[in-house]
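A.B. asks: Mind having a look at this structure? Questions to follow.
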Amino acid sequence: MIQYLKNILVGLFLVGIFGGVFAQDVTFYAVANKTLLQVGERFTLTFKLEGADAEIETPPLGEFRVIFGPSQSSNFSYVNGKSSRSTSISYVLIPEQPGNFKIPPAKAKINGKVYETNPVTLKVSGEPTAKTNTNSGNSNTSAAPKPKITTNQNVVLDVQANKKSAFLGEPVILTYTLYSRYSNLTLGQVDMPDLNGFWVEDYPAENINWEPTLTEINGYNYRKAILRKRVVYPQKTGTLETGKFELSCFVNRSFFNPGQEVKVESASTKINVKPFPVGSPANFSGYSGSFNVKSSVDLTEVKPDEAITYKVRISGLGNLKLVSKPDIVFPGDFEVYDPKTKEKVSLGGNGLKGYKEFEYLLIPRYPGQYEIPAFEFSFFNFGTKKYQTAKADAITVTVKGDEGTATTGGGVRNRPKKGVDLLNEDIRFISTDALTESTSNWSSPGRGTFWGISGGMFLAFLGAVAIRKSRTDLRADDKKFRYKKAGKTSVTHLKKAKQFLKQGNQSAFYEELHKSLTGYFADKYGMDNSQVNRPVIRTEIGKMENGVDVANTFIHVLDSCEMAKYSPQSSGDDEGLLTEAEALILKMEGKS
Amino acid sequence: MRKLMVLALLMTWAAVISANNPAEEAFNKGNVAYKEANFAVAYEAYSEAVTLDSTQATLWFNLGNAAFKIGRLAESILCFERSLKLNPQLEDAQKNLEIAGKQRIDKIKVSPSEKWNLGWQNMLTGIGATTFGIIALVALLLSLIGWFARAYINAKALQATLSVALLVVFGVSAFFGLKAHRIISNYPYAIVMEPKADVYTAPNGENISFVLHEGTRVEVNKVDGDWAEIALADGKVGWMKLAWMERV
């Protein structure tokens, strides 16, 4: 264009200098590069004015479809002192009807004189094409339209899918291409269609970048630019529509001119979405693409209550944004928190790729060896059309015992306790113990037996006491028994007397001594104590061998005792009296 | 000849013993059926067993279980209560009574005085009249021996104290035993057997005081013809038809 303007300027300049100086021959003609044509065949029509510079008035070209033009060019050359100039206007035309055509002459006014070109006759053969809906003044037809023209043939929006059929989750790239015959075109509102049944990822919108070469559609030449690209992931099976892309743009818009608004709409492409083939693995959850998984922990040896970070990374090509939290069964004694999700997914030429990472915080509570199980991720690889399973290995974690607490100096750590949950409450089972013999309740205070036994025991006690009493009474009457026991009884009395003497209790001493002797005599001779008196003693003891002496001593001791008992002045020889009494009893017992 | 006679005597004795235990037979039959989850059959067998020997806490307990399993709530509560009346220490019966009680409609808040009263009763019946009786008899025996031995003992004051203390033990034990015996022999409790039983303000069926439902335990204060004056653990008192309840 710039070159073209330059030529004109240079031409005008030279005309100004040399216009009047050099006389030139003027030729003005029209020429078509072909005169025998088929319907729809392109030809170029050129009007050329040589040797002069003037405005060319072109004839109407209503019978033909104008694909390109009018294109004007001016040329000025100065060769070997001889200058030449030419102006030409050319069209690229397509005949739409068969028949003979005569293109009327073009006119040019040079220095007041009107020049005319020769008429051009064309012979067109073939079938006429159907007329299409036209918006512009031109009558246009289209044969086998590649992009379907819906509103304006001058601006066409086309959508192309890189595949017509895809599996669920297999990315399909939609390319929206803008074809324009306007050189000055500004984009207005862009309405990308909302797609039903697809997960949509749009490539970032860029400025319109027109391709350097023109593209010919239906005989017209268009400038072409890729407007938008998007990746769609079908989410349901069946025939899905990609929807209509609506665009409004402005042509010939400039600072002063708001331009003309043109609305364009793309066609809707159909994509056939196939379901996954049969035979999916058990843990398949509907992801398609090509993935790898990796798992890791930051620590494999910890103390109880120390946190472990466990990461699972799913990476590869596919719609990672849809990948949800993996189902990992951690050891029961681990406290598990909801994972943090990290996602780094970018849109490449083949769709989404990158990785998604799930980071779990695990807190083991008790020592021991635990295994975080292997993680398997099954997916459908639409490239190989096969199911695949990516696997991350199991990880063993050792939770060490409590020896660490001793070094930290803490006290005894209390572990959180867990109650035993009752899973099923039912009544307790029947008793199958053998039946007991009907227990007798003889001992119950509510029954007569109890009171009978109690009364019996009491009676038995009374009886026993009575028997004992009668037996002691009986013994008291038994003369023989008393005779045998007389010595012993008197000795116990003497011992008592001795004790009283030691205590200085004189009256008790004499009393006891007296009792000992009279008791002895009564026991020995089968008498009551009351029957004992001096004549009886004399007669009874006198019967013994040396009886008179013994009787005298006996009475002497008794007299001493009685004397001492009734007179406060003691004889002073208490000890002598005691030994005398002892010797006396020994003698009478016949032991001396 | 003599040996033969002894043998014949032994055999008849054995026959008398085994014939004496048809309750045992029914009990075993019930146990087998219960283990096979054949609760209706078990219920029949245990019912027969308790009519033959109603003094076995185990039989009542098992019958209560079978009744519970076939959905006879009031009856199962009654059986558990009877089982506990016979053997207050039967822990399984206590537990099952508690579980069956959860299915009861009526929820009765036990008043503090009644709680104390029940605790006292449970203590007495738990130790049992026979145990109290034995304690009393032993204490009496020791006390009397003490008195008798007094003549031969030097520490006469100690003997007197101990013997008097033992006599007091005898008296208290005999009193508690008598109480426990009275509680069991005049067991005042009854279980409501009707799904819905109206309790009236007077023994005439005119004004409804409150409404009870099956399985609730009431204390029978007195009986007047077809009517019984009942008291609840929360202290409510009213008149109910005798036919609507079953004495434990």
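Following the order of the structure tokens, chains are lettered A, B, ..., residues in each are numbered from 1, and ligands are numbered from 1.
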Within 7 Å of chain B, which residues of chain A show up? Give each one with its shortest atom-to-atom distance in Å (one decimal) and the two atoms involved, counting only C-alpha atoms, rows by chain then rising residue number, as a Markdown table.
C.D. replies:
| residue | atom | partner | partner_atom | distance |
| --- | --- | --- | --- | --- |
| A:Ile427 | CA | B:Asn96 | CA | 5.1 |
| A:Arg428 | CA | B:Asn96 | CA | 6.1 |
| A:Ile430 | CA | B:Asn62 | CA | 5.1 |
| A:Ser431 | CA | B:Thr58 | CA | 6.3 |
| A:Thr432 | CA | B:Asn31 | CA | 6.8 |
| A:Leu435 | CA | B:Glu24 | CA | 6.9 |
| A:Ser438 | CA | B:Thr55 | CA | 6.9 |
| A:Asn441 | CA | B:Thr130 | CA | 5.6 |
| A:Ser443 | CA | B:Gly133 | CA | 4.7 |
| A:Ser444 | CA | B:Thr130 | CA | 4.1 |
| A:Pro445 | CA | B:Leu178 | CA | 5.0 |
| A:Gly446 | CA | B:Leu178 | CA | 4.9 |
| A:Phe450 | CA | B:Gly133 | CA | 6.8 |
| A:Ser454 | CA | B:Leu137 | CA | 6.4 |
| A:Met457 | CA | B:Leu141 | CA | 6.8 |
| A:Phe461 | CA | B:Leu144 | CA | 6.3 |
| A:Val465 | CA | B:Phe148 | CA | 6.6 |
A.B. asks: Quick one: residues within 6 Å of Tyr176 (chain A), only C-alpha atoms counted, chain neighbours fewer than 3 positions away excluded, as a list in words?
C.D. replies: Asp158, Val159, Leu227 and Arg228 of chain A
A.B. asks: Generate the output file for the selected residues, all heavy atoms, as a short mmCIF file (atom, residue, chain, number, x, y, z; two decimals), in the first residue's frame.
C.D. replies:
data_model
loop_
_atom_site.label_atom_id
_atom_site.label_comp_id
_atom_site.auth_asym_id
_atom_site.auth_seq_id
_atom_site.Cartn_x
_atom_site.Cartn_y
_atom_site.Cartn_z
N ASP A 158 -15.43 -19.13 11.66
CA ASP A 158 -15.46 -20.58 11.43
C ASP A 158 -14.97 -21.28 12.68
O ASP A 158 -14.10 -20.80 13.39
CB ASP A 158 -14.54 -20.92 10.25
CG ASP A 158 -14.48 -22.40 10.01
OD1 ASP A 158 -15.55 -23.05 10.04
OD2 ASP A 158 -13.36 -22.92 9.83
N VAL A 159 -15.56 -22.44 12.98
CA VAL A 159 -15.09 -23.22 14.12
C VAL A 159 -14.66 -24.59 13.61
O VAL A 159 -15.33 -25.20 12.80
CB VAL A 159 -16.16 -23.33 15.22
CG1 VAL A 159 -17.46 -23.91 14.71
CG2 VAL A 159 -15.65 -24.16 16.39
N LEU A 227 -8.88 -16.48 15.91
CA LEU A 227 -9.44 -15.56 16.89
C LEU A 227 -9.30 -16.10 18.31
O LEU A 227 -8.78 -15.45 19.20
CB LEU A 227 -10.92 -15.34 16.54
CG LEU A 227 -11.65 -14.31 17.36
CD1 LEU A 227 -11.06 -12.94 17.12
CD2 LEU A 227 -13.13 -14.31 16.98
N ARG A 228 -9.79 -17.32 18.48
CA ARG A 228 -9.76 -17.92 19.83
C ARG A 228 -9.50 -19.41 19.69
O ARG A 228 -9.79 -20.02 18.66
CB ARG A 228 -11.12 -17.75 20.54
CG ARG A 228 -11.45 -16.35 20.94
CD ARG A 228 -10.60 -15.88 22.09
NE ARG A 228 -10.48 -14.44 22.09
CZ ARG A 228 -11.32 -13.61 22.71
NH1 ARG A 228 -12.31 -14.10 23.39
NH2 ARG A 228 -11.16 -12.32 22.65
#
A.B. asks: Give me, as a PyMOL selection string, all polymer residues having an atom no more than 6 Å from Pro188 (chain B), counting only C-alpha atoms and skipping those fewer than 2 positions away in the same chain.
C.D. replies: chain B and resi 186+219-220
A.B. asks: Generate a file of the selected residues that holds C-alpha atoms, formatted as a PDB file, in the first residue's frame.
C.D. replies:
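Result went into again29.pdb, see below:
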ATOM      1  CA  ASN B 186     -44.853 -59.599 101.518  1.00  0.00           C
ATOM      2  CA  GLU B 219     -45.876 -50.708  94.790  1.00  0.00           C
ATOM      3  CA  VAL B 220     -49.152 -52.147  96.035  1.00  0.00           C
TER       4      VAL B 220
END
A.B. asks: Between A:Leu178, A:Val172, A:Leu240, A:Leu299, which has the minimum distance to Leu352 (chain A) (counting only C-alpha atoms)?
C.D. replies: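 For Leu352 (chain A), the nearest of the candidates is A:Val172.
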A.B. asks: Restricting the calculation to only C-alpha atoms, which member of B:Gly225, B:Gly71, B:Pro22, B:Pro203 is positioned closest to Leu52 (chain B)?
C.D. replies: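 When distances to Leu52 (chain B) are compared using only C-alpha atoms, the smallest one comes from B:Pro22.
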A.B. asks: CA of Glu512 (chain A) to CA of Ser470 (chain A): how many Å, to one decimal?
C.D. replies: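 Going from CA of Glu512 (chain A) over to CA of Ser470 (chain A), I get 27.5 Å.
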A.B. asks: As a PyMOL selection string, please: the residues near region 102-111 of chain A (cut-off 8 Å, only C-alpha atoms, same-chain neighbours under 5 positions excluded).
C.D. replies: chain A and resi 30+47+52-61+116-122
A.B. asks: At what distance in Å, to one decimal, does CA of Lys479 (chain A) lie from CA of Arg534 (chain A)?
C.D. replies: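 We find that CA of Arg534 (chain A) and CA of Lys479 (chain A) lie 21.0 Å from each other.
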A.B. asks: Once DSSP has gone over the backbone, tell me which residues of region 39-246 of chain B are in helix (DSSP H, G or I), as number ranges by chain.
C.D. replies: B: 39-52, 57-69, 73-86, 91-101, 112-127, 129-152, 156-185, 242-244
A.B. asks: For CA of Arg82 (chain B) and CA of Glu194 (chain B), quote the distance in Å rounded to one decimal.
C.D. replies: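 These atoms are spaced 18.1 Å apart.
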A.B. asks: Identify, on the basis of only C-alpha atoms, every residue whose closest approach to Tyr233 (chain A) does not exceed 8 Å; exclude the query and any residue fewer than 6 positions from it along the same chain; express the result as a PyMOL selection string.
C.D. replies: chain A and resi 168-172+198-200+319
A.B. asks: Residues at most 6 Å from Val192 (chain B), counting only C-alpha atoms, excluding those fewer than 4 positions away in the same chain, as a PyMOL selection string?
C.D. replies: chain B and resi 214-216+245
A.B. asks: Please identify which residues in region 7-234 of chain B DSSP calls strand (DSSP E) from the backbone, and express them as a PDB file with C-alpha atoms, in the first residue's frame.
C.D. replies:
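This is the output file part-v4.pdb:
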ATOM      1  CA  TYR B 189     -44.318 -54.803  93.978  1.00  0.00           C
ATOM      2  CA  ALA B 190     -46.333 -55.511  90.891  1.00  0.00           C
ATOM      3  CA  ILE B 191     -45.769 -54.986  87.161  1.00  0.00           C
ATOM      4  CA  VAL B 192     -48.342 -53.311  84.932  1.00  0.00           C
ATOM      5  CA  LYS B 196     -52.273 -48.913  78.805  1.00  0.00           C
ATOM      6  CA  ALA B 197     -53.587 -48.854  82.332  1.00  0.00           C
ATOM      7  CA  ASP B 198     -55.604 -45.987  83.786  1.00  0.00           C
ATOM      8  CA  VAL B 199     -55.015 -45.136  87.407  1.00  0.00           C
ATOM      9  CA  TYR B 200     -57.948 -43.576  89.214  1.00  0.00           C
ATOM     10  CA  ILE B 208     -58.421 -40.813  85.995  1.00  0.00           C
ATOM     11  CA  SER B 209     -55.445 -39.615  87.992  1.00  0.00           C
ATOM     12  CA  PHE B 210     -52.705 -40.731  85.603  1.00  0.00           C
ATOM     13  CA  VAL B 211     -52.032 -43.369  82.987  1.00  0.00           C
ATOM     14  CA  LEU B 212     -49.404 -46.090  83.121  1.00  0.00           C
ATOM     15  CA  HIS B 213     -48.129 -48.442  80.447  1.00  0.00           C
ATOM     16  CA  ARG B 217     -43.288 -51.330  88.422  1.00  0.00           C
ATOM     17  CA  VAL B 218     -45.744 -50.168  91.056  1.00  0.00           C
ATOM     18  CA  GLU B 219     -45.876 -50.708  94.790  1.00  0.00           C
ATOM     19  CA  VAL B 220     -49.152 -52.147  96.035  1.00  0.00           C
ATOM     20  CA  ASN B 221     -50.116 -50.439  99.256  1.00  0.00           C
ATOM     21  CA  LYS B 222     -53.442 -52.115  99.864  1.00  0.00           C
ATOM     22  CA  VAL B 223     -56.088 -54.114  98.102  1.00  0.00           C
ATOM     23  CA  ASP B 224     -59.807 -53.394  98.099  1.00  0.00           C
ATOM     24  CA  TRP B 227     -58.823 -52.653  93.179  1.00  0.00           C
ATOM     25  CA  ALA B 228     -55.401 -52.000  94.495  1.00  0.00           C
ATOM     26  CA  GLU B 229     -53.942 -48.786  95.790  1.00  0.00           C
ATOM     27  CA  ILE B 230     -50.631 -48.351  94.103  1.00  0.00           C
ATOM     28  CA  ALA B 231     -47.730 -45.996  94.649  1.00  0.00           C
TER      29      ALA B 231
END
A.B. asks: Counting only C-alpha atoms, which residue out of B:Ile127, B:Leu73, B:Val164, B:Ile183 sits closest to Asn87 (chain B)?
C.D. replies: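 Of all the options, B:Ile127 lies closest to Asn87 (chain B).
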A.B. asks: Given the choices A:Tyr355, A:Phe377, A:Phe68, A:Phe276, which gets closest to Ile89 (chain A) if the distance is worked out from only C-alpha atoms?
C.D. replies: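 Of A:Tyr355, A:Phe377, A:Phe68, A:Phe276, the one nearest Ile89 (chain A), counting only C-alpha atoms, is A:Phe68.
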